[in-house]
Structures are given as structure tokens and as C-alpha cells.
$ cat coords-v2.cif   # mmCIF, C-alpha atoms and all ligand atoms
data_start
#
loop_
_atom_site.label_atom_id
_atom_site.label_comp_id
_atom_site.auth_asym_id
_atom_site.auth_seq_id
_atom_site.Cartn_x
_atom_site.Cartn_y
_atom_site.Cartn_z
CA MET A 593 116.02 120.08 106.99
CA THR A 594 119.10 117.85 106.80
CA ASP A 595 119.54 114.95 104.44
CA ALA A 596 119.70 112.53 107.39
CA ALA A 597 116.32 113.73 108.71
CA ILE A 598 114.56 112.47 105.57
CA ALA A 599 113.57 108.81 105.51
CA ILE A 600 112.83 107.02 102.23
CA GLU A 601 110.42 104.08 102.65
CA THR A 602 108.62 101.52 100.50
CA LEU A 603 105.07 101.16 101.80
CA THR A 604 103.07 97.98 102.29
CA ALA A 605 99.43 98.05 101.18
CA ALA A 606 98.31 98.69 104.77
CA GLU A 607 100.81 101.52 105.15
CA ALA A 608 99.69 102.94 101.81
CA GLY A 609 96.09 102.94 103.02
CA ALA A 610 97.07 104.76 106.21
CA ALA A 611 99.09 107.30 104.19
CA ILE A 612 96.21 108.36 101.90
CA PRO A 613 95.53 111.72 103.61
CA ASP A 614 99.24 112.68 103.54
CA LEU A 615 99.64 111.53 99.95
CA ALA A 616 96.52 113.49 98.91
CA ALA A 617 97.97 116.61 100.54
CA VAL A 618 101.19 116.30 98.51
CA LEU A 619 99.25 115.74 95.27
CA ILE A 620 96.94 118.71 95.92
CA ASP A 621 99.93 120.93 96.70
CA CYS A 622 101.75 119.93 93.49
CA VAL A 623 98.66 120.52 91.30
CA ALA A 624 98.00 123.87 93.03
CA ARG A 625 101.58 124.88 92.20
CA GLY A 626 100.99 124.07 88.53
CA ALA A 627 102.33 120.53 88.06
CA SER A 628 100.90 118.63 85.07
CA VAL A 629 100.32 115.27 86.78
CA SER A 630 96.97 114.02 85.40
CA PHE A 631 94.73 116.48 87.28
CA MET A 632 93.28 119.92 86.59
CA ARG A 633 93.30 122.95 88.90
CA ALA A 634 91.30 122.97 92.16
CA LEU A 635 91.76 119.26 92.77
CA SER A 636 89.41 118.29 95.60
CA ARG A 637 90.51 116.27 98.61
CA ASP A 638 87.87 113.60 97.80
CA ARG A 639 89.21 113.17 94.28
CA ALA A 640 92.82 113.14 95.42
CA GLU A 641 92.08 110.56 98.13
CA ALA A 642 90.17 108.39 95.62
CA PHE A 643 93.25 108.41 93.40
CA TRP A 644 95.47 107.23 96.28
CA ARG A 645 92.92 104.56 97.30
CA ASP A 646 93.30 103.09 93.79
CA VAL A 647 97.08 103.24 94.18
CA ALA A 648 96.90 101.44 97.56
CA GLU A 649 94.74 98.75 95.94
CA GLY A 650 97.36 98.40 93.20
CA VAL A 651 100.03 97.94 95.87
CA ALA A 652 97.87 95.23 97.48
CA ARG A 653 97.61 93.46 94.11
CA GLY A 654 101.38 93.62 93.65
CA GLU A 655 101.09 95.83 90.58
CA ARG A 656 102.79 98.90 92.06
CA ILE A 657 105.64 99.75 94.37
CA LEU A 658 104.86 102.92 96.35
CA ILE A 659 107.82 104.86 97.74
CA VAL A 660 107.60 107.87 100.04
CA ALA A 661 109.94 110.39 101.63
CA ARG A 662 109.12 111.40 105.20
CA LEU A 663 110.33 114.28 107.33
CA ASP A 664 109.44 113.91 111.02
CA GLY A 665 106.90 111.26 110.05
CA ARG A 666 105.07 113.47 107.56
CA ILE A 667 105.12 112.50 103.89
CA ILE A 668 106.85 115.18 101.80
CA GLY A 669 107.34 113.26 98.56
CA THR A 670 106.44 110.12 96.70
CA THR A 671 106.86 108.10 93.52
CA GLN A 672 105.75 104.76 92.11
CA VAL A 673 107.06 101.88 90.03
CA VAL A 674 104.15 100.46 88.02
CA ALA A 675 104.57 97.04 86.40
CA ALA A 676 103.90 97.05 82.67
CA GLY A 677 100.68 95.25 81.79
CA PRO A 678 101.43 93.07 78.77
CA GLU A 679 102.69 89.55 79.43
CA ASN A 680 105.46 90.06 76.86
CA GLN A 681 107.00 92.89 78.97
CA PRO A 682 107.70 91.22 82.32
CA HIS A 683 111.04 93.05 82.51
CA ARG A 684 109.59 96.56 82.10
CA ALA A 685 107.92 99.03 84.47
CA ASP A 686 106.83 102.67 84.35
CA LEU A 687 107.91 105.34 86.78
CA ALA A 688 104.86 107.39 87.79
CA LYS A 689 103.72 110.27 90.00
CA MET A 690 107.04 111.67 91.14
CA LEU A 691 105.81 114.38 93.53
CA VAL A 692 107.66 116.47 96.09
CA HIS A 693 105.75 118.97 98.23
CA GLY A 694 106.57 122.52 97.19
CA ASP A 695 108.03 123.36 100.59
CA ALA A 696 110.52 120.47 100.40
CA ARG A 697 111.93 120.91 96.89
CA ARG A 698 115.52 121.54 95.77
CA ARG A 699 117.05 119.61 98.67
CA GLY A 700 117.62 116.29 96.92
CA VAL A 701 114.34 114.58 97.88
CA GLY A 702 113.39 113.95 94.24
CA ALA A 703 116.82 112.45 93.49
CA ARG A 704 116.61 110.17 96.54
CA LEU A 705 113.09 109.01 95.61
CA LEU A 706 114.24 108.29 92.08
CA ALA A 707 117.28 106.32 93.24
CA ALA A 708 115.06 104.31 95.61
CA ALA A 709 112.53 103.62 92.83
CA GLU A 710 115.27 102.41 90.51
CA ALA A 711 116.67 100.13 93.24
CA ALA A 712 113.21 98.75 94.04
CA ALA A 713 112.52 98.09 90.35
CA ARG A 714 115.86 96.31 90.01
CA ALA A 715 115.12 94.23 93.12
CA ALA A 716 111.75 93.28 91.58
CA GLY A 717 113.58 91.94 88.52
CA LYS A 718 112.88 94.87 86.22
CA THR A 719 115.58 95.82 83.73
CA LEU A 720 113.86 98.69 81.92
CA LEU A 721 112.03 101.76 83.25
CA VAL A 722 110.04 104.25 81.14
CA LEU A 723 108.42 107.58 82.03
CA ASP A 724 107.02 110.75 80.53
CA THR A 725 107.24 114.21 82.01
CA VAL A 726 106.22 117.71 81.01
CA THR A 727 108.78 119.18 78.64
CA GLY A 728 110.83 121.94 80.25
CA GLY A 729 109.67 121.06 83.78
CA ASP A 730 111.73 120.36 86.89
CA GLY A 731 111.26 116.62 86.36
CA GLU A 732 112.95 116.72 82.97
CA ARG A 733 116.19 118.04 84.51
CA LEU A 734 115.97 115.52 87.37
CA TYR A 735 115.70 112.51 85.04
CA ALA A 736 118.46 113.73 82.72
CA ARG A 737 120.74 114.34 85.73
CA MET A 738 120.03 110.83 87.04
CA GLY A 739 121.18 109.18 83.82
CA TRP A 740 117.88 108.62 82.04
CA THR A 741 117.90 108.69 78.22
CA ARG A 742 115.65 111.23 76.51
CA VAL A 743 113.68 109.50 73.70
CA GLY A 744 111.90 112.55 72.34
CA VAL A 745 109.08 115.04 72.68
CA ILE A 746 105.37 114.52 71.96
CA PRO A 747 103.77 117.92 71.25
CA ASN A 748 100.46 118.83 72.89
CA TYR A 749 100.38 115.63 74.94
CA ALA A 750 98.49 116.97 77.97
CA LEU A 751 97.13 120.04 79.70
CA MET A 752 98.62 122.05 82.51
CA PRO A 753 96.25 122.44 85.51
CA ASP A 754 95.14 125.82 84.13
CA GLY A 755 94.19 124.28 80.76
CA ALA A 756 97.22 125.36 78.72
CA PRO A 757 98.50 122.61 76.41
CA CYS A 758 101.94 121.16 77.15
CA ASP A 759 104.41 118.86 75.45
CA THR A 760 105.74 115.71 77.11
CA THR A 761 109.23 114.24 77.01
CA VAL A 762 109.61 110.45 77.09
CA PHE A 763 112.61 108.96 78.95
CA TYR A 764 113.88 105.43 79.59
CA LYS A 765 116.55 103.92 81.78
CA ALA A 766 118.08 100.48 81.36
CA LEU A 767 118.83 99.13 84.83
CA GLY A 768 122.24 97.53 85.06
C1 LIG A 801 110.33 117.31 89.84
C2 LIG A 801 110.39 117.25 91.35
C3 LIG A 801 109.90 115.88 91.81
C4 LIG A 801 111.86 117.43 91.82
O1 LIG A 801 111.89 117.26 93.24
P1 LIG A 801 113.07 117.90 94.13
O2 LIG A 801 112.99 117.28 95.46
O3 LIG A 801 113.04 119.37 94.05
O4 LIG A 801 114.36 117.35 93.34
P2 LIG A 801 115.89 117.55 93.73
O5 LIG A 801 116.00 118.37 94.97
O6 LIG A 801 116.53 116.22 93.72
O7 LIG A 801 116.45 118.38 92.49
C5 LIG A 801 115.85 119.62 92.15
C6 LIG A 801 116.92 120.72 92.01
O8 LIG A 801 117.46 121.04 93.29
C7 LIG A 801 118.88 120.99 93.23
N1 LIG A 801 119.35 120.58 94.55
C8 LIG A 801 119.32 119.35 95.10
N2 LIG A 801 119.83 119.38 96.34
C9 LIG A 801 120.16 120.66 96.60
C10 LIG A 801 120.71 121.32 97.71
N3 LIG A 801 121.02 120.66 98.82
N4 LIG A 801 120.91 122.66 97.62
C11 LIG A 801 120.60 123.34 96.51
N5 LIG A 801 120.05 122.75 95.40
C12 LIG A 801 119.84 121.44 95.46
C13 LIG A 801 119.16 119.98 92.13
O9 LIG A 801 120.45 120.12 91.60
C14 LIG A 801 118.10 120.33 91.13
O10 LIG A 801 118.48 121.48 90.41
P3 LIG A 801 117.91 121.80 88.90
O11 LIG A 801 116.43 121.57 88.92
O12 LIG A 801 118.29 123.21 88.70
O13 LIG A 801 118.58 120.83 88.00
C15 LIG A 801 109.56 118.40 91.99
O14 LIG A 801 109.94 119.63 91.42
C16 LIG A 801 108.06 118.23 91.80
O15 LIG A 801 107.40 117.53 92.57
N6 LIG A 801 107.50 118.89 90.78
C17 LIG A 801 106.04 118.83 90.57
C18 LIG A 801 105.60 117.49 90.11
C19 LIG A 801 106.28 117.08 88.83
O16 LIG A 801 106.36 117.82 87.88
N7 LIG A 801 106.76 115.83 88.84
C20 LIG A 801 107.36 115.20 87.70
C21 LIG A 801 106.28 114.46 87.01
S1 LIG A 801 106.98 113.15 86.03
#
$ encode --input "coords-v2.cif" --output "C-alpha cells"
Amino acid sequence: MTDAAIAIETLTAAEAGAAIPDLAAVLIDCVARGASVSFMRALSRDRAEAFWRDVAEGVARGERILIVARLDGRIIGTTQVVAAGPENQPHRADLAKMLVHGDARRRGVGARLLAAAEAAARAAGKTLLVLDTVTGGDGERLYARMGWTRVGVIPNYALMPDGAPCDTTVFYKALG
């Protein structure tokens, strides 16, 4: 897999709807490999697809920007920029569900998705991004490497897919 073979795209709501099976496959793979990303072990296809249907509806409402990485047309990674809810935070968004299929990791896909998400947030007028990620995980190194500021650690924030408790690290990035 060469860098040039990977395409990074922002999906429309219709494209997001069409991508639900691919996106569900990436989510199921990440959970099966132990990622703490909201779901417990043995995530079913129905449940994963229901999650992505909600995301596609959020894209249609203009609440989310959905970015994917494709290799030969197949989705191998994804992330989202989610607008903050309160009316006093129009400048802020959250980065959510950064997922790269286990077979496609450690080749720069995560870094390219993150750079695209930051650019899309900036283009949407956002000046501040916030995220949380499992402490000590691959995501933590990615965000630190990409210039995000580590705010701190919240102990026992969530569960790993196997039920073990895990801490979360909160990061932010001011977009210049
Ligand atoms: C976190 C995650 C998105 C990173 O995706 P990725 O595509 O592997 O990210 P990158 O390839 O950009 O970087 C990963 C590592 O590969 C290295 N790398 C990048 N390109 C490389 C290359 N061409 N050759 C060798 N190594 C490379 C990076 O330096 C980095 O090293 P490090 O982890 O030792 O610091 C991925 O591991 C994942 O989906 N994890 C499960 C879900 C998860 O935890 N998501 C975060 C939730 S917030």
C-alpha cells in the first residue's frame, strides 16, 4: 500500500448512507482488536450499522463532518468532526471515532485522517477541537505527535471491550 493509493474524502449524507456497511466493518474490526470506542466486545453488525445510520443522519443535519480513508474504493479508516451543542460554543467541535482498520495501521492513515479533520474543522469556522482517548493507547501518541495539547487524565473513565476499566486522556488543539 503506497501513500498515493489512499484517498481521503469528506462524505455527503448520501455517501455516508452508502458507506454504512464498510464503516460498520471498520468499527467491528477495531472493537474486536480491543479498542475502547464506546462499544463492548462482540459488537454485532446490526448494532454497528445502527450507529453509522445515526452518524449519517447527523451529517444530513449538518452536525457532523464524516471523513474516510479509502484504499481501492474500500474504506479502511474514518473520523468525525462533531459540532459542539451549546449556542455559546459555535467555535468549538469534538473529534470523534478515529478508527483505522487493523490491517491498515502504522502507515500514516491515522495522521492523514487527523490532518483532514483539522482542515475541515477550520474550513467550517471552528477554532478549537477537543477529544478524549484511552490513556496509553495508539491514539494518545498520534494526537501528541500531531501537536495536540494534553489536558490531563480522568481515571476509570470507560471500559475496554473486555470489561476492564481504563483511564482517558483529554486533548485539545487550537486551530490557527
Ligand atoms: C489510533 C489509530 C487511529 C492510529 O491509526 P494509524 O493509521 O495506525 O496511525 P499512523 O499510521 O498515522 O501512526 C501510527 C504509528 O505508525 C507510525 N507510522 C506511520 N507511518 C509509518 C510508516 N510508513 N512506516 C512505519 N511506521 C509508520 C507512526 O509514527 C506511529 O507510530 P507510534 O504509534 O509508535 O507513535 C489506530 O491505531 C486505531 O484505529 N486504533 C483503534 C481505535 C482507537 O483507539 N482510536 C482512537 C480513539 S480516540
$ closest_residue --input "coords-v2.cif" --among "A:Ala642, A:Ile612, A:Ala703, A:Leu635" --to "ligand LIG 801 (chain A)" --atoms "all atoms listed in the file"
A:Ala703
$ closest_atom_pairs --input "coords-v2.cif" --of "chain A" --to "ligand LIG 801 (chain A)" --cutoff "9 Å" --atoms "all atoms listed in the file" --output "Markdown table"
| residue | atom | partner | partner_atom | distance |
| --- | --- | --- | --- | --- |
| A:Thr594 | CA | A:LIG801 | N3 | 8.7 |
| A:Asp595 | CA | A:LIG801 | N3 | 8.1 |
| A:Val618 | CA | A:LIG801 | O15 | 8.7 |
| A:Leu619 | CA | A:LIG801 | C18 | 8.4 |
| A:Asp621 | CA | A:LIG801 | C17 | 8.9 |
| A:Cys622 | CA | A:LIG801 | C17 | 5.3 |
| A:Val623 | CA | A:LIG801 | C17 | 7.6 |
| A:Arg625 | CA | A:LIG801 | C17 | 7.7 |
| A:Gly626 | CA | A:LIG801 | C17 | 7.6 |
| A:Ala627 | CA | A:LIG801 | C17 | 4.8 |
| A:Ser628 | CA | A:LIG801 | O16 | 6.2 |
| A:Val629 | CA | A:LIG801 | C21 | 6.0 |
| A:Gly669 | CA | A:LIG801 | O15 | 7.4 |
| A:Thr670 | CA | A:LIG801 | C3 | 8.3 |
| A:Thr671 | CA | A:LIG801 | C3 | 8.5 |
| A:Leu687 | CA | A:LIG801 | S1 | 7.9 |
| A:Ala688 | CA | A:LIG801 | S1 | 6.4 |
| A:Lys689 | CA | A:LIG801 | C21 | 5.7 |
| A:Met690 | CA | A:LIG801 | N7 | 4.8 |
| A:Leu691 | CA | A:LIG801 | O15 | 3.7 |
| A:Val692 | CA | A:LIG801 | O15 | 3.7 |
| A:His693 | CA | A:LIG801 | O15 | 6.1 |
| A:Gly694 | CA | A:LIG801 | O15 | 6.9 |
| A:Ala696 | CA | A:LIG801 | O2 | 6.4 |
| A:Arg697 | CA | A:LIG801 | O3 | 3.4 |
| A:Arg698 | CA | A:LIG801 | O8 | 3.2 |
| A:Arg699 | CA | A:LIG801 | N2 | 3.6 |
| A:Gly700 | CA | A:LIG801 | O5 | 3.3 |
| A:Val701 | CA | A:LIG801 | O2 | 3.9 |
| A:Gly702 | CA | A:LIG801 | O2 | 3.6 |
| A:Ala703 | CA | A:LIG801 | O6 | 3.8 |
| A:Arg704 | CA | A:LIG801 | O6 | 6.7 |
| A:Leu705 | CA | A:LIG801 | O6 | 8.2 |
| A:Leu706 | CA | A:LIG801 | O6 | 8.4 |
| A:Leu723 | CA | A:LIG801 | S1 | 7.0 |
| A:Asp724 | CA | A:LIG801 | S1 | 6.0 |
| A:Thr725 | CA | A:LIG801 | S1 | 4.2 |
| A:Val726 | CA | A:LIG801 | C21 | 6.8 |
| A:Gly729 | CA | A:LIG801 | O16 | 6.2 |
| A:Asp730 | CA | A:LIG801 | C1 | 4.5 |
| A:Gly731 | CA | A:LIG801 | C1 | 3.7 |
| A:Glu732 | CA | A:LIG801 | C1 | 7.4 |
| A:Arg733 | CA | A:LIG801 | O13 | 5.1 |
| A:Leu734 | CA | A:LIG801 | O7 | 5.9 |
| A:Tyr735 | CA | A:LIG801 | C1 | 8.7 |
| A:Ala736 | CA | A:LIG801 | O13 | 8.8 |
| A:Arg737 | CA | A:LIG801 | O13 | 7.2 |
$ residues_around --input "coords-v2.cif" --residues "Ile746 (chain A)" --least-positions-apart "3" --cutoff "10 Å" --atoms "only C-alpha atoms" --output "number ranges by chain"
A: 724, 726-727, 743, 749-750, 758-762
$ atom_distance --input "coords-v2.cif" --atom1 "CA of Leu751 (chain A)" --atom2 "CA of Gln672 (chain A)"
21.5 Å
$ closest_residue --input "coords-v2.cif" --among "A:Ala716, A:Ala616, A:Ala611, A:Leu767" --to "Gly739 (chain A)" --atoms "all atoms listed in the file"
A:Leu767
$ atom_distance --input "coords-v2.cif" --atom1 "CA of Asn680 (chain A)" --atom2 "CA of Ala711 (chain A)"
22.3 Å
$ closest_atom_pairs --input "coords-v2.cif" --of "region 677-721 of chain A" --to "region 654-657 of chain A" --cutoff "9 Å" --atoms "all atoms listed in the file" --output "CSV"
residue,atom,partner,partner_atom,distance
A:Gly677,CA,A:Glu655,CA,8.8
A:Ala709,CA,A:Ile657,CA,8.1
A:Ala712,CA,A:Ile657,CA,7.6
A:Ala713,CA,A:Ile657,CA,8.1
$ closest_residue --input "coords-v2.cif" --among "A:Met738, A:Ala766, A:Ala661, A:Leu721" --to "Glu601 (chain A)" --atoms "all atoms listed in the file"
A:Ala661
$ atom_distance --input "coords-v2.cif" --atom1 "CA of Arg662 (chain A)" --atom2 "CA of Ser636 (chain A)"
23.0 Å
$ residues_around --input "coords-v2.cif" --residues "Ala610 (chain A)" --least-positions-apart "5" --cutoff "10 Å" --atoms "all atoms listed in the file" --output "VMD selection string"
chain A and resid 603 to 605 615 645 648
$ axis_aligned_box --input "coords-v2.cif" --around "region 720-727 of chain A" --padding-each-side "5 Å" --output "JSON"
{"center_x": 110.0, "center_y": 108.9, "center_z": 80.9, "size_x": 17.6, "size_y": 30.5, "size_z": 14.6}
$ closest_residue --input "coords-v2.cif" --among "A:Val722, A:Gly728, A:Ala640, A:Lys765" --to "Thr741 (chain A)" --atoms "only C-alpha atoms"
A:Lys765
$ residues_around --input "coords-v2.cif" --residues "Ala676 (chain A)" --least-positions-apart "3" --cutoff "7 Å" --atoms "all atoms listed in the file" --output "MDAnalysis selection string"
chainID A and resid 681:682 684:686
$ decode --input "coords-v2.cif" --residues "region 635-648 of chain A" --atoms "all heavy atoms" --output "mmCIF file, in the first residue's frame"
data_model
loop_
_atom_site.group_PDB
_atom_site.id
_atom_site.type_symbol
_atom_site.label_atom_id
_atom_site.label_comp_id
_atom_site.auth_asym_id
_atom_site.auth_seq_id
_atom_site.Cartn_x
_atom_site.Cartn_y
_atom_site.Cartn_z
ATOM 1 N N LEU A 635 -19.360 -6.890 19.175
ATOM 2 C CA LEU A 635 -20.271 -5.899 18.592
ATOM 3 C C LEU A 635 -20.937 -6.511 17.354
ATOM 4 O O LEU A 635 -20.257 -6.986 16.443
ATOM 5 C CB LEU A 635 -19.461 -4.656 18.205
ATOM 6 C CG LEU A 635 -20.177 -3.570 17.429
ATOM 7 C CD1 LEU A 635 -21.351 -2.994 18.226
ATOM 8 C CD2 LEU A 635 -19.181 -2.461 17.063
ATOM 9 N N SER A 636 -22.268 -6.486 17.336
ATOM 10 C CA SER A 636 -22.978 -7.099 16.205
ATOM 11 C C SER A 636 -23.005 -6.141 15.014
ATOM 12 O O SER A 636 -22.901 -4.910 15.165
ATOM 13 C CB SER A 636 -24.419 -7.446 16.595
ATOM 14 O OG SER A 636 -25.175 -6.264 16.719
ATOM 15 N N ARG A 637 -23.179 -6.722 13.828
ATOM 16 C CA ARG A 637 -23.266 -5.900 12.619
ATOM 17 C C ARG A 637 -24.480 -4.966 12.693
ATOM 18 O O ARG A 637 -24.397 -3.802 12.321
ATOM 19 C CB ARG A 637 -23.340 -6.803 11.380
ATOM 20 C CG ARG A 637 -23.464 -6.044 10.086
ATOM 21 C CD ARG A 637 -22.996 -6.835 8.914
ATOM 22 N NE ARG A 637 -21.550 -6.876 8.824
ATOM 23 C CZ ARG A 637 -20.817 -5.935 8.222
ATOM 24 N NH1 ARG A 637 -21.385 -4.892 7.671
ATOM 25 N NH2 ARG A 637 -19.509 -6.034 8.159
ATOM 26 N N ASP A 638 -25.625 -5.481 13.200
ATOM 27 C CA ASP A 638 -26.834 -4.646 13.311
ATOM 28 C C ASP A 638 -26.567 -3.408 14.162
ATOM 29 O O ASP A 638 -26.948 -2.295 13.810
ATOM 30 C CB ASP A 638 -27.969 -5.440 13.957
ATOM 31 C CG ASP A 638 -28.654 -6.350 12.952
ATOM 32 O OD1 ASP A 638 -28.274 -6.315 11.765
ATOM 33 O OD2 ASP A 638 -29.557 -7.101 13.363
ATOM 34 N N ARG A 639 -25.918 -3.635 15.293
ATOM 35 C CA ARG A 639 -25.663 -2.530 16.225
ATOM 36 C C ARG A 639 -24.666 -1.540 15.617
ATOM 37 O O ARG A 639 -24.822 -0.324 15.726
ATOM 38 C CB ARG A 639 -25.122 -3.117 17.531
ATOM 39 C CG ARG A 639 -25.155 -2.188 18.689
ATOM 40 C CD ARG A 639 -25.214 -2.980 19.996
ATOM 41 N NE ARG A 639 -24.600 -2.258 21.098
ATOM 42 C CZ ARG A 639 -25.037 -1.118 21.577
ATOM 43 N NH1 ARG A 639 -26.088 -0.536 21.049
ATOM 44 N NH2 ARG A 639 -24.423 -0.530 22.579
ATOM 45 N N ALA A 640 -23.654 -2.084 14.960
ATOM 46 C CA ALA A 640 -22.655 -1.211 14.340
ATOM 47 C C ALA A 640 -23.303 -0.394 13.209
ATOM 48 O O ALA A 640 -23.061 0.811 13.083
ATOM 49 C CB ALA A 640 -21.496 -2.051 13.795
ATOM 50 N N GLU A 641 -24.143 -1.035 12.418
ATOM 51 C CA GLU A 641 -24.781 -0.304 11.313
ATOM 52 C C GLU A 641 -25.756 0.746 11.852
ATOM 53 O O GLU A 641 -25.885 1.834 11.287
ATOM 54 C CB GLU A 641 -25.465 -1.278 10.354
ATOM 55 C CG GLU A 641 -24.434 -2.120 9.601
ATOM 56 C CD GLU A 641 -24.988 -2.810 8.363
ATOM 57 O OE1 GLU A 641 -26.212 -2.759 8.151
ATOM 58 O OE2 GLU A 641 -24.179 -3.396 7.611
ATOM 59 N N ALA A 642 -26.430 0.435 12.967
ATOM 60 C CA ALA A 642 -27.349 1.419 13.574
ATOM 61 C C ALA A 642 -26.569 2.649 14.028
ATOM 62 O O ALA A 642 -27.026 3.795 13.862
ATOM 63 C CB ALA A 642 -28.088 0.789 14.757
ATOM 64 N N PHE A 643 -25.379 2.423 14.576
ATOM 65 C CA PHE A 643 -24.537 3.548 14.987
ATOM 66 C C PHE A 643 -24.225 4.435 13.775
ATOM 67 O O PHE A 643 -24.380 5.662 13.832
ATOM 68 C CB PHE A 643 -23.232 3.041 15.629
ATOM 69 C CG PHE A 643 -22.220 4.129 15.813
ATOM 70 C CD1 PHE A 643 -22.325 5.031 16.869
ATOM 71 C CD2 PHE A 643 -21.172 4.293 14.907
ATOM 72 C CE1 PHE A 643 -21.410 6.058 17.012
ATOM 73 C CE2 PHE A 643 -20.253 5.321 15.055
ATOM 74 C CZ PHE A 643 -20.369 6.201 16.109
ATOM 75 N N TRP A 644 -23.819 3.808 12.658
ATOM 76 C CA TRP A 644 -23.430 4.610 11.486
ATOM 77 C C TRP A 644 -24.636 5.259 10.816
ATOM 78 O O TRP A 644 -24.504 6.321 10.183
ATOM 79 C CB TRP A 644 -22.616 3.755 10.502
ATOM 80 C CG TRP A 644 -21.245 3.465 11.050
ATOM 81 C CD1 TRP A 644 -20.773 2.272 11.495
ATOM 82 C CD2 TRP A 644 -20.173 4.405 11.258
ATOM 83 N NE1 TRP A 644 -19.489 2.406 11.963
ATOM 84 C CE2 TRP A 644 -19.099 3.701 11.827
ATOM 85 C CE3 TRP A 644 -20.030 5.776 11.018
ATOM 86 C CZ2 TRP A 644 -17.884 4.320 12.159
ATOM 87 C CZ3 TRP A 644 -18.830 6.394 11.351
ATOM 88 C CH2 TRP A 644 -17.774 5.662 11.904
ATOM 89 N N ARG A 645 -25.831 4.635 10.948
ATOM 90 C CA ARG A 645 -27.036 5.310 10.432
ATOM 91 C C ARG A 645 -27.260 6.624 11.183
ATOM 92 O O ARG A 645 -27.574 7.645 10.580
ATOM 93 C CB ARG A 645 -28.264 4.403 10.579
ATOM 94 C CG ARG A 645 -28.540 3.568 9.331
ATOM 95 C CD ARG A 645 -29.939 2.969 9.340
ATOM 96 N NE ARG A 645 -30.181 2.120 10.496
ATOM 97 C CZ ARG A 645 -29.767 0.863 10.604
ATOM 98 N NH1 ARG A 645 -29.097 0.294 9.620
ATOM 99 N NH2 ARG A 645 -30.025 0.150 11.690
ATOM 100 N N ASP A 646 -27.082 6.602 12.499
ATOM 101 C CA ASP A 646 -27.213 7.835 13.294
ATOM 102 C C ASP A 646 -26.183 8.878 12.844
ATOM 103 O O ASP A 646 -26.483 10.072 12.757
ATOM 104 C CB ASP A 646 -26.990 7.545 14.783
ATOM 105 C CG ASP A 646 -28.193 6.877 15.421
ATOM 106 O OD1 ASP A 646 -29.275 6.852 14.782
ATOM 107 O OD2 ASP A 646 -28.051 6.368 16.554
ATOM 108 N N VAL A 647 -24.970 8.404 12.575
ATOM 109 C CA VAL A 647 -23.927 9.330 12.123
ATOM 110 C C VAL A 647 -24.330 9.953 10.783
ATOM 111 O O VAL A 647 -24.230 11.171 10.593
ATOM 112 C CB VAL A 647 -22.568 8.598 11.998
ATOM 113 C CG1 VAL A 647 -21.540 9.481 11.291
ATOM 114 C CG2 VAL A 647 -22.059 8.176 13.379
ATOM 115 N N ALA A 648 -24.820 9.117 9.852
ATOM 116 C CA ALA A 648 -25.221 9.636 8.533
ATOM 117 C C ALA A 648 -26.348 10.665 8.687
ATOM 118 O O ALA A 648 -26.370 11.676 7.972
ATOM 119 C CB ALA A 648 -25.661 8.478 7.631
#
